[in-house]
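**Q** Below is the file target.pdb, which contains PDB, C-alpha atoms and all ligand atoms.
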```pdb
ATOM      1  CA  MET A  58     -33.257  32.403 -41.070  1.00  0.00           C
ATOM      2  CA  ALA A  59     -35.347  30.464 -38.604  1.00  0.00           C
ATOM      3  CA  SER A  60     -33.514  27.269 -39.434  1.00  0.00           C
ATOM      4  CA  LYS A  61     -30.168  28.976 -38.898  1.00  0.00           C
ATOM      5  CA  GLN A  62     -31.210  29.997 -35.409  1.00  0.00           C
ATOM      6  CA  LEU A  63     -32.439  26.497 -34.744  1.00  0.00           C
ATOM      7  CA  PHE A  64     -29.104  25.143 -35.925  1.00  0.00           C
ATOM      8  CA  ILE A  65     -27.271  27.390 -33.471  1.00  0.00           C
ATOM      9  CA  ILE A  66     -29.629  26.437 -30.651  1.00  0.00           C
ATOM     10  CA  ILE A  67     -29.053  22.758 -31.331  1.00  0.00           C
ATOM     11  CA  LEU A  68     -25.286  23.219 -31.453  1.00  0.00           C
ATOM     12  CA  ALA A  69     -25.465  25.017 -28.117  1.00  0.00           C
ATOM     13  CA  ALA A  70     -27.566  22.192 -26.716  1.00  0.00           C
ATOM     14  CA  ILE A  71     -24.939  19.675 -27.831  1.00  0.00           C
ATOM     15  CA  ALA A  72     -22.226  21.729 -26.154  1.00  0.00           C
ATOM     16  CA  VAL A  73     -24.209  21.725 -22.922  1.00  0.00           C
ATOM     17  CA  VAL A  74     -25.250  18.081 -22.998  1.00  0.00           C
ATOM     18  CA  LEU A  75     -21.958  16.496 -24.098  1.00  0.00           C
ATOM     19  CA  PRO A  76     -19.950  17.110 -20.911  1.00  0.00           C
ATOM     20  CA  THR A  77     -22.679  15.491 -18.788  1.00  0.00           C
ATOM     21  CA  LEU A  78     -22.314  12.334 -20.885  1.00  0.00           C
ATOM     22  CA  ALA A  79     -18.878  11.717 -19.419  1.00  0.00           C
ATOM     23  CA  MET A  80     -19.055   8.207 -18.113  1.00  0.00           C
ATOM     24  CA  ALA A  81     -17.333   6.576 -15.241  1.00  0.00           C
ATOM     25  CA  THR A  82     -14.276   4.830 -16.573  1.00  0.00           C
ATOM     26  CA  GLU A  83     -13.659   1.213 -15.742  1.00  0.00           C
ATOM     27  CA  PHE A  84      -9.963   0.503 -15.451  1.00  0.00           C
ATOM     28  CA  MET A  85      -8.792  -3.045 -15.968  1.00  0.00           C
ATOM     29  CA  VAL A  86      -5.784  -3.018 -13.649  1.00  0.00           C
ATOM     30  CA  GLY A  87      -2.776  -4.227 -15.655  1.00  0.00           C
ATOM     31  CA  ASP A  88      -4.870  -4.267 -18.834  1.00  0.00           C
ATOM     32  CA  ASP A  89      -4.472  -7.667 -20.528  1.00  0.00           C
ATOM     33  CA  SER A  90      -1.974  -8.823 -17.905  1.00  0.00           C
ATOM     34  CA  GLY A  91      -4.521  -8.376 -15.135  1.00  0.00           C
ATOM     35  CA  TRP A  92      -3.526  -8.473 -11.483  1.00  0.00           C
ATOM     36  CA  THR A  93      -0.309 -10.441 -11.248  1.00  0.00           C
ATOM     37  CA  ILE A  94       3.324 -10.416 -10.143  1.00  0.00           C
ATOM     38  CA  LYS A  95       6.216  -8.882 -12.067  1.00  0.00           C
ATOM     39  CA  PHE A  96       4.119  -6.168 -13.643  1.00  0.00           C
ATOM     40  CA  ASP A  97       4.923  -2.492 -13.253  1.00  0.00           C
ATOM     41  CA  TYR A  98       1.645  -1.098 -11.917  1.00  0.00           C
ATOM     42  CA  GLN A  99       3.158   2.321 -11.305  1.00  0.00           C
ATOM     43  CA  ALA A 100       4.060   2.562 -14.967  1.00  0.00           C
ATOM     44  CA  TRP A 101       0.547   1.351 -15.797  1.00  0.00           C
ATOM     45  CA  ALA A 102      -1.051   4.037 -13.613  1.00  0.00           C
ATOM     46  CA  LYS A 103       1.304   6.845 -14.558  1.00  0.00           C
ATOM     47  CA  ASP A 104      -0.492   8.140 -17.659  1.00  0.00           C
ATOM     48  CA  LYS A 105      -4.006   7.580 -16.325  1.00  0.00           C
ATOM     49  CA  GLU A 106      -6.401   9.928 -14.597  1.00  0.00           C
ATOM     50  CA  PHE A 107      -8.585   8.389 -11.938  1.00  0.00           C
ATOM     51  CA  HIS A 108     -11.716  10.179 -10.841  1.00  0.00           C
ATOM     52  CA  VAL A 109     -14.326   9.608  -8.172  1.00  0.00           C
ATOM     53  CA  GLY A 110     -16.930   7.287  -9.673  1.00  0.00           C
ATOM     54  CA  ASP A 111     -14.417   5.381 -11.806  1.00  0.00           C
ATOM     55  CA  LYS A 112     -13.898   1.697 -11.177  1.00  0.00           C
ATOM     56  CA  LEU A 113     -10.839  -0.490 -10.781  1.00  0.00           C
ATOM     57  CA  VAL A 114     -11.197  -4.109 -11.876  1.00  0.00           C
ATOM     58  CA  PHE A 115      -8.673  -6.556 -10.464  1.00  0.00           C
ATOM     59  CA  LYS A 116      -8.713  -9.684 -12.603  1.00  0.00           C
ATOM     60  CA  TYR A 117      -6.788 -12.845 -11.679  1.00  0.00           C
ATOM     61  CA  PRO A 118      -7.295 -16.589 -11.295  1.00  0.00           C
ATOM     62  CA  THR A 119      -9.190 -17.151  -8.049  1.00  0.00           C
ATOM     63  CA  GLY A 120      -6.914 -18.277  -5.222  1.00  0.00           C
ATOM     64  CA  VAL A 121      -3.710 -17.261  -6.980  1.00  0.00           C
ATOM     65  CA  HIS A 122      -3.890 -13.604  -5.876  1.00  0.00           C
ATOM     66  CA  ASN A 123      -6.109 -11.354  -3.829  1.00  0.00           C
ATOM     67  CA  VAL A 124      -6.615  -7.643  -3.261  1.00  0.00           C
ATOM     68  CA  PHE A 125      -6.227  -5.585  -0.108  1.00  0.00           C
ATOM     69  CA  LYS A 126      -6.875  -1.880   0.144  1.00  0.00           C
ATOM     70  CA  VAL A 127      -4.175  -0.588   2.480  1.00  0.00           C
ATOM     71  CA  ASN A 128      -2.735   2.660   3.810  1.00  0.00           C
ATOM     72  CA  GLY A 129       0.452   4.284   2.600  1.00  0.00           C
ATOM     73  CA  THR A 130       2.598   2.749   5.317  1.00  0.00           C
ATOM     74  CA  SER A 131       1.374  -0.771   4.680  1.00  0.00           C
ATOM     75  CA  PHE A 132       1.831  -0.188   0.982  1.00  0.00           C
ATOM     76  CA  LYS A 133       5.444   0.852   1.340  1.00  0.00           C
ATOM     77  CA  ASP A 134       6.363  -2.102   3.548  1.00  0.00           C
ATOM     78  CA  CYS A 135       3.958  -4.631   2.026  1.00  0.00           C
ATOM     79  CA  VAL A 136       2.176  -5.176   5.341  1.00  0.00           C
ATOM     80  CA  VAL A 137      -0.752  -7.504   4.697  1.00  0.00           C
ATOM     81  CA  PRO A 138      -3.945  -6.721   6.674  1.00  0.00           C
ATOM     82  CA  PRO A 139      -6.124  -9.459   8.274  1.00  0.00           C
ATOM     83  CA  ALA A 140      -7.317 -12.027   5.752  1.00  0.00           C
ATOM     84  CA  ASN A 141     -10.979 -11.135   6.225  1.00  0.00           C
ATOM     85  CA  GLN A 142     -10.321  -7.770   4.563  1.00  0.00           C
ATOM     86  CA  ALA A 143      -9.249  -9.354   1.299  1.00  0.00           C
ATOM     87  CA  LEU A 144     -11.139  -9.287  -1.959  1.00  0.00           C
ATOM     88  CA  THR A 145     -10.843 -12.740  -3.464  1.00  0.00           C
ATOM     89  CA  THR A 146     -13.319 -13.230  -6.316  1.00  0.00           C
ATOM     90  CA  GLY A 147     -10.765 -12.985  -9.120  1.00  0.00           C
ATOM     91  CA  ASN A 148     -12.863 -10.226 -10.624  1.00  0.00           C
ATOM     92  CA  ASP A 149     -12.853  -7.626  -7.886  1.00  0.00           C
ATOM     93  CA  VAL A 150     -14.444  -4.319  -8.772  1.00  0.00           C
ATOM     94  CA  ILE A 151     -13.623  -1.314  -6.618  1.00  0.00           C
ATOM     95  CA  THR A 152     -15.522   1.907  -7.156  1.00  0.00           C
ATOM     96  CA  LEU A 153     -13.385   4.914  -6.342  1.00  0.00           C
ATOM     97  CA  ALA A 154     -15.609   6.716  -3.868  1.00  0.00           C
ATOM     98  CA  THR A 155     -13.423   9.522  -2.533  1.00  0.00           C
ATOM     99  CA  PRO A 156     -10.551  11.642  -3.851  1.00  0.00           C
ATOM    100  CA  GLY A 157      -7.018  11.157  -2.568  1.00  0.00           C
ATOM    101  CA  ASN A 158      -4.280   8.564  -2.589  1.00  0.00           C
ATOM    102  CA  LYS A 159      -5.318   4.903  -2.668  1.00  0.00           C
ATOM    103  CA  TRP A 160      -3.118   1.874  -2.211  1.00  0.00           C
ATOM    104  CA  TYR A 161      -3.724  -1.758  -3.105  1.00  0.00           C
ATOM    105  CA  LEU A 162      -1.610  -4.875  -2.796  1.00  0.00           C
ATOM    106  CA  CYS A 163      -1.753  -8.622  -3.114  1.00  0.00           C
ATOM    107  CA  GLY A 164      -1.491 -10.464   0.199  1.00  0.00           C
ATOM    108  CA  ILE A 165      -0.488 -13.871  -1.148  1.00  0.00           C
ATOM    109  CA  ALA A 166       3.022 -15.064  -0.207  1.00  0.00           C
ATOM    110  CA  LYS A 167       5.647 -12.451  -1.157  1.00  0.00           C
ATOM    111  CA  HIS A 168       3.770 -11.201  -4.206  1.00  0.00           C
ATOM    112  CA  CYS A 169       3.870  -7.629  -2.924  1.00  0.00           C
ATOM    113  CA  ALA A 170       7.412  -7.497  -1.555  1.00  0.00           C
ATOM    114  CA  ASP A 171       9.148  -9.653  -4.163  1.00  0.00           C
ATOM    115  CA  GLY A 172       6.704  -9.617  -7.052  1.00  0.00           C
ATOM    116  CA  GLY A 173       5.896  -5.917  -6.971  1.00  0.00           C
ATOM    117  CA  GLN A 174       2.168  -6.690  -6.959  1.00  0.00           C
ATOM    118  CA  LYS A 175       1.072  -3.344  -5.599  1.00  0.00           C
ATOM    119  CA  LEU A 176      -0.732  -0.355  -7.016  1.00  0.00           C
ATOM    120  CA  ALA A 177      -0.822   3.241  -5.820  1.00  0.00           C
ATOM    121  CA  ILE A 178      -3.098   5.788  -7.470  1.00  0.00           C
ATOM    122  CA  THR A 179      -4.336   9.294  -6.872  1.00  0.00           C
ATOM    123  CA  VAL A 180      -8.076   9.765  -7.270  1.00  0.00           C
ATOM    124  CA  LEU A 181      -9.212  13.177  -8.490  1.00  0.00           C
ATOM    125  CA  PRO A 182     -12.630  14.698  -7.800  1.00  0.00           C
ATOM    126  CA  GLU A 183     -15.494  13.660 -10.016  1.00  0.00           C
ATOM    127  CA  SER A 184     -14.988  14.984 -13.524  1.00  0.00           C
ATOM    128  CA  THR A 185     -17.687  16.661 -15.572  1.00  0.00           C
ATOM    129  CA  ALA A 186     -15.562  16.941 -18.703  1.00  0.00           C
ATOM    130  CA  PRO A 187     -15.307  14.007 -21.114  1.00  0.00           C
ATOM    131  CA  ALA A 188     -12.511  11.663 -20.123  1.00  0.00           C
ATOM    132  CA  PRO A 189      -9.367  12.096 -22.247  1.00  0.00           C
ATOM    133  CA  ALA A 190      -9.722   8.685 -23.837  1.00  0.00           C
ATOM    134  CA  PRO A 191      -7.877   6.081 -21.808  1.00  0.00           C
ATOM    135  CA  THR A 192      -7.760   2.818 -23.717  1.00  0.00           C
ATOM    136  CA  ASP A 193     -10.101   1.153 -21.222  1.00  0.00           C
ATOM    137  CA  SER A 194     -13.038   3.470 -21.897  1.00  0.00           C
ATOM    138  CA  ALA A 195     -13.789   2.301 -25.420  1.00  0.00           C
ATOM    139  CA  ASN A 196     -17.412   1.741 -24.461  1.00  0.00           C
ATOM    140  CA  GLY A 197     -17.928   5.238 -23.122  1.00  0.00           C
ATOM    141  CA  ILE A 198     -16.366   6.777 -26.188  1.00  0.00           C
ATOM    142  CA  ALA A 199     -18.424   4.638 -28.538  1.00  0.00           C
ATOM    143  CA  VAL A 200     -21.619   5.704 -26.773  1.00  0.00           C
ATOM    144  CA  SER A 201     -20.630   9.382 -26.785  1.00  0.00           C
ATOM    145  CA  GLY A 202     -19.812   9.088 -30.477  1.00  0.00           C
ATOM    146  CA  LEU A 203     -23.194   7.564 -31.160  1.00  0.00           C
ATOM    147  CA  VAL A 204     -24.995  10.337 -29.333  1.00  0.00           C
ATOM    148  CA  VAL A 205     -23.063  12.981 -31.243  1.00  0.00           C
ATOM    149  CA  ALA A 206     -23.799  11.238 -34.535  1.00  0.00           C
ATOM    150  CA  ALA A 207     -27.484  11.032 -33.657  1.00  0.00           C
ATOM    151  CA  MET A 208     -27.578  14.716 -32.739  1.00  0.00           C
ATOM    152  CA  PHE A 209     -25.938  15.722 -35.998  1.00  0.00           C
ATOM    153  CA  ALA A 210     -28.359  13.538 -37.887  1.00  0.00           C
ATOM    154  CA  VAL A 211     -31.196  15.442 -36.213  1.00  0.00           C
ATOM    155  CA  VAL A 212     -29.552  18.739 -37.126  1.00  0.00           C
ATOM    156  CA  MET A 213     -29.178  17.714 -40.766  1.00  0.00           C
ATOM    157  CA  VAL A 214     -32.823  16.696 -40.998  1.00  0.00           C
ATOM    158  CA  ILE A 215     -34.081  19.917 -39.443  1.00  0.00           C
ATOM    159  CA  VAL A 216     -31.827  22.352 -41.348  1.00  0.00           C
TER     160      VAL A 216
HETATM  161  C1  LIG B   1      -1.904   1.304   8.337  1.00  0.00           C
HETATM  162  O1  LIG B   1      -2.459   0.011   8.334  1.00  0.00           O
HETATM  163  C2  LIG B   1      -1.808  -0.858   9.252  1.00  0.00           C
HETATM  164  C3  LIG B   1      -2.338  -2.273   9.012  1.00  0.00           C
HETATM  165  O2  LIG B   1      -3.720  -2.291   8.773  1.00  0.00           O
HETATM  166  C4  LIG B   1      -2.030  -0.346  10.668  1.00  0.00           C
HETATM  167  O3  LIG B   1      -1.422  -1.192  11.599  1.00  0.00           O
HETATM  168  C5  LIG B   1      -1.451   1.055  10.765  1.00  0.00           C
HETATM  169  O4  LIG B   1      -1.742   1.589  12.037  1.00  0.00           O
HETATM  170  C6  LIG B   1      -1.997   1.958   9.703  1.00  0.00           C
HETATM  171  N1  LIG B   1      -1.271   3.193   9.682  1.00  0.00           N
HETATM  172  C7  LIG B   1      -1.867   4.375   9.629  1.00  0.00           C
HETATM  173  C8  LIG B   1      -0.964   5.548   9.572  1.00  0.00           C
HETATM  174  O5  LIG B   1      -3.086   4.499   9.608  1.00  0.00           O
HETATM  175 CU    CU B   2      -0.577 -12.123  -5.841  1.00  0.00          CU
END
```
Give the structure from this file in structure tokens form.
**A**
Amino acid sequence: MASKQLFIIILAAIAVVLPTLAMATEFMVGDDSGWTIKFDYQAWAKDKEFHVGDKLVFKYPTGVHNVFKVNGTSFKDCVVPPANQALTTGNDVITLATPGNKWYLCGIAKHCADGGQKLAITVLPESTAPAPAPTDSANGIAVSGLVVAAMFAVVMVIV
């Protein structure tokens, strides 16, 4: 009887702890294609949920592209801000700090206007529920899985 109660307590503990394990997701913009021209970033973003705390990684050969965070007007018309606002490392990581619409574009040549190298996303408030498994969060899922497995192992030993 005692062990049954313990089992239930442990299950309840798992239910409480699991949601807090939700990890910030790191999105590789464009997945394997990275940050480049002639890629449909709106299609890429369409089935993804971005939350405060998640990260965008813009990956590209240094000097070939860059990244500007812009407003909606600049995004629409591909207006490139002053050069000193550019991210240029080729592995630019942007942490999504606030909810709302965010716009990014490449400021090199006509990459934005002609190459479609622009990304618009909507950032949702910080999530406490486990992320619904975007392909980029393999690490987070693996860790969560490990924790669950470890917890069940503990349960099996105790019961
Ligand atoms: C958008 O950004 C551009 C360029 O940085 C600026 O000139 C413009 O005033 C901004 N528009 C709004 C609505 O903030
Ligand atoms: Cu570019």
**Q** With the file shown as input, list the residues that the PyMOL selection byres (((not hetatm)) within 12 of (chain B and resi 2)) selects, as a PyMOL selection string.
**A** chain A and resi 91-96+115-125+135+137+143-145+147+161-176
**Q** Write out as JSON lines the residues of chain A that have any atom within 6 Å of an atom of ligand LIG 1 (chain B), one row each with the nearest atom pair and its distance in Å to one decimal, counting all atoms listed in the file, sorted by chain and then rising number.
**A**
```
{"residue": "A:Asn128", "atom": "CA", "partner": "B:LIG1", "partner_atom": "C1", "distance": 4.8}
{"residue": "A:Thr130", "atom": "CA", "partner": "B:LIG1", "partner_atom": "C1", "distance": 5.6}
{"residue": "A:Ser131", "atom": "CA", "partner": "B:LIG1", "partner_atom": "C1", "distance": 5.3}
{"residue": "A:Pro138", "atom": "CA", "partner": "B:LIG1", "partner_atom": "O2", "distance": 4.9}
```
**Q** Can you give me, as a PDB file with C-alpha atoms, in the frame of the given file, the residues this file yields under the PyMOL selection byres (((chain A and resi 107) around 7) and not hetatm)?
**A**
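For reference, expr22.pdb as written:
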```
ATOM      1  CA  LYS A 105      -4.006   7.580 -16.325  1.00  0.00           C
ATOM      2  CA  GLU A 106      -6.401   9.928 -14.597  1.00  0.00           C
ATOM      3  CA  HIS A 108     -11.716  10.179 -10.841  1.00  0.00           C
ATOM      4  CA  VAL A 109     -14.326   9.608  -8.172  1.00  0.00           C
ATOM      5  CA  ASP A 111     -14.417   5.381 -11.806  1.00  0.00           C
ATOM      6  CA  THR A 179      -4.336   9.294  -6.872  1.00  0.00           C
ATOM      7  CA  VAL A 180      -8.076   9.765  -7.270  1.00  0.00           C
ATOM      8  CA  LEU A 181      -9.212  13.177  -8.490  1.00  0.00           C
TER       9      LEU A 181
END
```
**Q** Mind pulling up the distance from CA of Pro139 (chain A) to CA of Trp101 (chain A)?
**A**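 Distance reported for this atom pair: 27.2 Å.
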**Q** Using CA of Phe132 (chain A) and CA of Phe84 (chain A) as the two end points, give the distance in Å to one decimal.
**A** 20.2 Å
**Q** At a cut-off of 6 Å around the point (-10.0, -6.3, -12.2) (file coordinates), what residues fall inside when counting only C-alpha atoms? I'd like the answer as a list of chain:residue names.
**A** A:Met85, A:Val86, A:Val114, A:Phe115, A:Lys116, A:Asn148, A:Asp149, A:Val150
**Q** Find the residue from A:Trp160, A:Glu83, A:Gly110, A:Thr155 that sits nearest to Lys126 (chain A); use only C-alpha atoms when measuring.
**A**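 Result for the nearest residue to Lys126 (chain A): A:Trp160.
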**Q** One number please: CA of Val136 (chain A) to CA of Ala177 (chain A), in Å, one decimal.
**A** 14.3 Å
**Q** Check which residues satisfy the PyMOL selection byres (((chain A and resi 152) around 6) and not hetatm) in the file shown, then give them as a list in words.
**A**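 Matching residues under the PyMOL selection byres (((chain A and resi 152) around 6) and not hetatm) are Asp111, Lys112, Ile151, Leu153 and Ala154 of chain A.
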**Q** Between A:Val127, A:Pro156, A:Gly87, A:Gln99, which is the closest to Ser184 (chain A) once you count all atoms listed in the file?
**A** A:Pro156
**Q** Which of these, A:Ala100, A:Thr146, A:Gly129, A:Glu183, has the shortest distance to Asn158 (chain A) once you count all atoms listed in the file?
**A**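 When distances to Asn158 (chain A) are compared using all atoms listed in the file, the smallest one comes from A:Gly129.
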